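*Asks:* Please see the structure below; I have some questions.
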Amino acid sequence: MKTYRDFLIMRTEQKLEIRDITKEVSQVLAKSGITDGILLLFPHHTSAAVYLSDSDRSLTGDFGELLTRLIPEGAYQHNLSDDKQNATAHLKSLLTGHHLVLPVTEGSLDLGVYQTVYYAEFDGQRDKEILVKVIGE
Amino acid sequence: MKTYRDFLIMRTEQKLEIRDITKEVSQVLAKSGITDGILLLFPHHTSAAVYLSDSDRSLTGDFGELLTRLIPEGAYQHNLSDDKQNATAHLKSLLTGHHLVLPVTEGSLDLGVYQTVYYAEFDGQRDKEILVKVIGE
Amino acid sequence: MKTYRDFLIMRTEQKLEIRDITKEVSQVLAKSGITDGILLLFPHHTSAAVYLSDSDRSLTGDFGELLTRLIPEGAYQHNLSDDKQNATAHLKSLLTGHHLVLPVTEGSLDLGVYQTVYYAEFDGQRDKEILVKVIGE
């Protein structure tokens with residue numbers, strides 16, 4: 001069994017921004033030399049998330065609006081104890097799901113035709129790290 | 001380390017349909033010959049999901065109603081660019097969580113007494129594939 | 001490849017209670033002797049969940065309130081067939097996400113600085129088990 005560990009460094013221009021990172025993840029997988037197994041995509045933060053969705057970019061707008069409707073700005077306990085006032089960013093990360101486990105087959109991400117890997121940033125405009133851990137052979 | 005890759009093919013009668021697939025997943029695991037490790041259950045689609053819940057079927061109705069209440073039909077950006085008009089199907093998949101990682105011990109799925117594996121289809125009536133990837137020994 | 005299997009036993013004082021279990025998970029990892037790979041944290045129940053969030057405890061209150069707002073008590077089908085009247089507990093577990101896959105590097109959980117592992121109990125005051133499955137080397 002082989003393992004590989006690397007990071008993707010993210011910096012967004014907006015506070016809430018959703019970005020297609022499929023290509024960047026595939027490049028890290030290629031560097032790993034692992035051709036069969038799984039890839040864990042794990043942001044080292046709690047106000048960001050990774051998720052899978054359709055390649056149609058319009059869905060990222062719909063998803064951002066859904067999260068903002070379910071979790072509007074308001075009087076959260078966390079904002080009394082934290083200067084960053086980012087309670088909704090943490091809660092949006094929780095509903096989105098945080099990390100992904102992706103199948104790896106014959107040296108590639110084993111995704112469906114339209115499946116796209118997205119990075120969802122809910123408290124951006126500063127550097128963040130996504131851990132990539134690959135295990136397999 | 002051994003790996004195994006297979007597919008479950010799903011076709012639902014309804015647009016929104018939730019189905020117990022525990023037995024089908026166990027059958028694929030038996031074919032794999034892997035007795036200790038993990039099983040990744042990964043739909044190759046973004047308008048379906050797999051999740052774990054109680055064996056009581058009534059909960060699937062409650063869960064479907066919850067998703068429809070949180071994500072009602074409406075004016076989504078995705079529906080302007082896609083003929084299938086299935087924005088809510090994609091968004092329901094996102095809140096449900098898409099894929100599962102299941103423990104494998106002594107040749108079986110290592111689940112709690114009432115734990116049941118469900119396939120949640122949000123845009124059905126056509127063939128869909130669930131990738132099953134097993135790694136272990 | 002090595003695998004390791006163990007359980008954390010949980011008993012909460014409240015019906016809905018969220019608890020930091022990062023230290024307990026790290027102790028199981030140390031017992032496993034596995035220093036590089038992944039750790040699957042998998043409650044053997046469908047009315048509890050594990051998730052990652054910020055170390056600030058106030059967020060657990062905000063998250064509990066969010067779940068109760070999205071999934072209020074009401075007339076659920078499950079409550080007609082189950083004496084425990086715990087439909088909302090199951091549905092809260094579904095939106096939270098149930099299980100976690102954590103990276104393991106150099107013998108430790110490979111988490112970000114503020115990342116904390118939480119056990120979310122939605123139908124407590126009785127014994128529950130969290131399966132810990134570690135695979136790696």
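Letters A, B, ... mark the chains of the structure tokens in the order given; residue numbers begin at 1 per chain; ligand numbers begin at 1, in order shown.
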I need the strand (DSSP E or B) residues of chain B per DSSP on the backbone, written as a PyMOL selection string.

*Replies:* chain B and resi 2-10+17-20+37-43+48-54+100-105+108-109+115-121+128-136

*Asks:* So that I can check the surroundings of stretch 4-15 of chain A, please list as a count of residues only every protein, DNA and RNA residue that reaches within 6 Å of it, counting only C-alpha atoms and ignoring chain neighbours fewer than 4 positions away.

*Replies:* 14

*Asks:* May I ask which of the residues B:Ser55, B:Ser47, B:Thr22, B:Thr68 is the closest one to B:Ala87, counting only C-alpha atoms?

*Replies:* B:Ser47

*Asks:* Do you know which residues are at most 9 Å from B:Gly64 counting only C-alpha atoms, after dropping those on the same chain fewer than 6 positions away, and could you put them as JSON, numbers by chain?

*Replies:* {"B": [16, 17, 18, 120]}

*Asks:* Between C:Glu121, C:Tyr76, C:Thr3, C:Thr105, which is the closest to C:Lys31 once you count only C-alpha atoms?

*Replies:* C:Thr3

*Asks:* May I have the residues of chain C within 12 Å of chain A, counting only C-alpha atoms, written as number ranges by chain?

*Replies:* C: 1-2, 35-40, 49-67, 69-71, 92-106, 109-118, 135-137

*Asks:* For the helix (DSSP H, G or I) assignment from backbone DSSP, which residues of chain B qualify? Please present them as a JSON list (two decimals) with N, CA, C and O atoms, in the first residue's frame.

*Replies:*
```
[["chain", "number", "residue", "atom", "x", "y", "z"],
["B", 22, "THR", "N", -29.36, -2.19, 0.71],
["B", 22, "THR", "CA", -28.39, -2.86, 1.58],
["B", 22, "THR", "C", -28.01, -4.23, 1.03],
["B", 22, "THR", "O", -26.82, -4.60, 1.02],
["B", 23, "LYS", "N", -29.00, -4.99, 0.58],
["B", 23, "LYS", "CA", -28.75, -6.35, 0.10],
["B", 23, "LYS", "C", -27.89, -6.33, -1.18],
["B", 23, "LYS", "O", -26.93, -7.10, -1.30],
["B", 24, "GLU", "N", -28.20, -5.44, -2.10],
["B", 24, "GLU", "CA", -27.43, -5.35, -3.34],
["B", 24, "GLU", "C", -25.97, -4.99, -3.06],
["B", 24, "GLU", "O", -25.05, -5.52, -3.70],
["B", 25, "VAL", "N", -25.75, -4.07, -2.12],
["B", 25, "VAL", "CA", -24.38, -3.67, -1.78],
["B", 25, "VAL", "C", -23.63, -4.85, -1.15],
["B", 25, "VAL", "O", -22.47, -5.11, -1.48],
["B", 26, "SER", "N", -24.31, -5.59, -0.27],
["B", 26, "SER", "CA", -23.68, -6.76, 0.36],
["B", 26, "SER", "C", -23.30, -7.80, -0.68],
["B", 26, "SER", "O", -22.26, -8.47, -0.54],
["B", 27, "GLN", "N", -24.13, -7.96, -1.71],
["B", 27, "GLN", "CA", -23.81, -8.93, -2.76],
["B", 27, "GLN", "C", -22.55, -8.54, -3.54],
["B", 27, "GLN", "O", -21.73, -9.38, -3.88],
["B", 28, "VAL", "N", -22.40, -7.25, -3.81],
["B", 28, "VAL", "CA", -21.18, -6.79, -4.50],
["B", 28, "VAL", "C", -19.97, -7.03, -3.60],
["B", 28, "VAL", "O", -18.91, -7.47, -4.06],
["B", 29, "LEU", "N", -20.11, -6.72, -2.31],
["B", 29, "LEU", "CA", -19.00, -6.96, -1.38],
["B", 29, "LEU", "C", -18.60, -8.43, -1.39],
["B", 29, "LEU", "O", -17.39, -8.74, -1.42],
["B", 30, "ALA", "N", -19.56, -9.34, -1.38],
["B", 30, "ALA", "CA", -19.24, -10.77, -1.40],
["B", 30, "ALA", "C", -18.45, -11.13, -2.67],
["B", 30, "ALA", "O", -17.46, -11.88, -2.61],
["B", 31, "LYS", "N", -18.85, -10.56, -3.80],
["B", 31, "LYS", "CA", -18.12, -10.83, -5.06],
["B", 31, "LYS", "C", -16.68, -10.33, -5.00],
["B", 31, "LYS", "O", -15.80, -10.87, -5.68],
["B", 32, "SER", "N", -16.44, -9.26, -4.24],
["B", 32, "SER", "CA", -15.11, -8.64, -4.22],
["B", 32, "SER", "C", -14.06, -9.55, -3.59],
["B", 32, "SER", "O", -12.87, -9.40, -3.87],
["B", 58, "SER", "N", -41.05, 4.31, 6.92],
["B", 58, "SER", "CA", -41.79, 5.57, 7.01],
["B", 58, "SER", "C", -40.84, 6.78, 7.00],
["B", 58, "SER", "O", -41.21, 7.87, 6.57],
["B", 59, "LEU", "N", -39.61, 6.56, 7.46],
["B", 59, "LEU", "CA", -38.65, 7.67, 7.50],
["B", 59, "LEU", "C", -38.27, 8.15, 6.10],
["B", 59, "LEU", "O", -37.89, 9.31, 5.92],
["B", 60, "THR", "N", -38.34, 7.26, 5.10],
["B", 60, "THR", "CA", -38.01, 7.72, 3.75],
["B", 60, "THR", "C", -39.04, 8.74, 3.27],
["B", 60, "THR", "O", -38.69, 9.69, 2.57],
["B", 61, "GLY", "N", -40.31, 8.56, 3.65],
["B", 61, "GLY", "CA", -41.32, 9.56, 3.32],
["B", 61, "GLY", "C", -41.04, 10.88, 4.02],
["B", 61, "GLY", "O", -41.12, 11.95, 3.41],
["B", 62, "ASP", "N", -40.71, 10.81, 5.31],
["B", 62, "ASP", "CA", -40.40, 12.03, 6.06],
["B", 62, "ASP", "C", -39.20, 12.76, 5.45],
["B", 62, "ASP", "O", -39.19, 14.00, 5.37],
["B", 63, "PHE", "N", -38.20, 12.00, 5.02],
["B", 63, "PHE", "CA", -36.99, 12.63, 4.48],
["B", 63, "PHE", "C", -37.29, 13.29, 3.13],
["B", 63, "PHE", "O", -36.87, 14.42, 2.87],
["B", 64, "GLY", "N", -38.04, 12.59, 2.28],
["B", 64, "GLY", "CA", -38.44, 13.19, 1.00],
["B", 64, "GLY", "C", -39.22, 14.47, 1.19],
["B", 64, "GLY", "O", -38.98, 15.48, 0.51],
["B", 65, "GLU", "N", -40.14, 14.49, 2.17],
["B", 65, "GLU", "CA", -40.93, 15.70, 2.43],
["B", 65, "GLU", "C", -40.07, 16.84, 2.99],
["B", 65, "GLU", "O", -40.28, 18.01, 2.64],
["B", 66, "LEU", "N", -39.11, 16.49, 3.85],
["B", 66, "LEU", "CA", -38.21, 17.51, 4.39],
["B", 66, "LEU", "C", -37.43, 18.18, 3.25],
["B", 66, "LEU", "O", -37.35, 19.42, 3.17],
["B", 67, "LEU", "N", -36.88, 17.37, 2.35],
["B", 67, "LEU", "CA", -36.09, 17.93, 1.25],
["B", 67, "LEU", "C", -36.96, 18.81, 0.35],
["B", 67, "LEU", "O", -36.51, 19.86, -0.12],
["B", 68, "THR", "N", -38.20, 18.39, 0.11],
["B", 68, "THR", "CA", -39.09, 19.17, -0.75],
["B", 68, "THR", "C", -39.50, 20.47, -0.07],
["B", 68, "THR", "O", -39.69, 21.50, -0.72],
["B", 69, "ARG", "N", -39.62, 20.44, 1.26],
["B", 69, "ARG", "CA", -39.95, 21.68, 1.99],
["B", 69, "ARG", "C", -38.77, 22.66, 1.97],
["B", 69, "ARG", "O", -38.94, 23.86, 1.77],
["B", 70, "LEU", "N", -37.53, 22.14, 2.17],
["B", 70, "LEU", "CA", -36.36, 23.02, 2.20],
["B", 70, "LEU", "C", -35.98, 23.52, 0.80],
["B", 70, "LEU", "O", -35.43, 24.60, 0.65],
["B", 78, "HIS", "N", -30.19, 27.23, -12.88],
["B", 78, "HIS", "CA", -29.88, 26.02, -13.65],
["B", 78, "HIS", "C", -30.99, 25.69, -14.63],
["B", 78, "HIS", "O", -30.72, 25.17, -15.72],
["B", 79, "ASN", "N", -32.23, 26.00, -14.27],
["B", 79, "ASN", "CA", -33.36, 25.65, -15.14],
["B", 79, "ASN", "C", -33.45, 26.55, -16.38],
["B", 79, "ASN", "O", -34.17, 26.24, -17.33],
["B", 80, "LEU", "N", -32.69, 27.67, -16.39],
["B", 80, "LEU", "CA", -32.63, 28.52, -17.58],
["B", 80, "LEU", "C", -31.67, 27.93, -18.62],
["B", 80, "LEU", "O", -31.77, 28.22, -19.81],
["B", 81, "SER", "N", -30.72, 27.09, -18.15],
["B", 81, "SER", "CA", -29.68, 26.59, -19.07],
["B", 81, "SER", "C", -29.79, 25.09, -19.34],
["B", 81, "SER", "O", -28.99, 24.55, -20.09],
["B", 87, "ALA", "N", -33.13, 21.39, -11.40],
["B", 87, "ALA", "CA", -32.30, 22.08, -10.40],
["B", 87, "ALA", "C", -32.55, 21.53, -9.00],
["B", 87, "ALA", "O", -31.60, 21.28, -8.24],
["B", 88, "THR", "N", -33.82, 21.32, -8.65],
["B", 88, "THR", "CA", -34.08, 20.85, -7.27],
["B", 88, "THR", "C", -33.50, 19.46, -7.05],
["B", 88, "THR", "O", -33.10, 19.14, -5.93],
["B", 89, "ALA", "N", -33.43, 18.63, -8.09],
["B", 89, "ALA", "CA", -32.84, 17.30, -7.94],
["B", 89, "ALA", "C", -31.36, 17.41, -7.56],
["B", 89, "ALA", "O", -30.88, 16.71, -6.66],
["B", 90, "HIS", "N", -30.63, 18.31, -8.22],
["B", 90, "HIS", "CA", -29.21, 18.49, -7.88],
["B", 90, "HIS", "C", -29.06, 19.03, -6.46],
["B", 90, "HIS", "O", -28.20, 18.58, -5.70],
["B", 91, "LEU", "N", -29.89, 20.00, -6.09],
["B", 91, "LEU", "CA", -29.75, 20.63, -4.77],
["B", 91, "LEU", "C", -30.13, 19.63, -3.66],
["B", 91, "LEU", "O", -29.51, 19.63, -2.59],
["B", 92, "LYS", "N", -31.12, 18.78, -3.91],
["B", 92, "LYS", "CA", -31.46, 17.75, -2.91],
["B", 92, "LYS", "C", -30.31, 16.76, -2.73],
["B", 92, "LYS", "O", -30.03, 16.31, -1.61],
["B", 93, "SER", "N", -29.65, 16.42, -3.81],
["B", 93, "SER", "CA", -28.49, 15.53, -3.71],
["B", 93, "SER", "C", -27.40, 16.17, -2.85],
["B", 93, "SER", "O", -26.77, 15.50, -2.02],
["B", 94, "LEU", "N", -27.18, 17.48, -3.02],
["B", 94, "LEU", "CA", -26.14, 18.16, -2.24],
["B", 94, "LEU", "C", -26.44, 18.12, -0.75],
["B", 94, "LEU", "O", -25.56, 17.83, 0.06],
["B", 95, "LEU", "N", -27.69, 18.41, -0.36],
["B", 95, "LEU", "CA", -28.00, 18.40, 1.09],
["B", 95, "LEU", "C", -27.97, 16.99, 1.66],
["B", 95, "LEU", "O", -27.69, 16.80, 2.84],
["B", 96, "THR", "N", -28.26, 15.99, 0.84],
["B", 96, "THR", "CA", -28.26, 14.60, 1.32],
["B", 96, "THR", "C", -26.84, 14.07, 1.54],
["B", 96, "THR", "O", -26.59, 13.29, 2.47]]
```
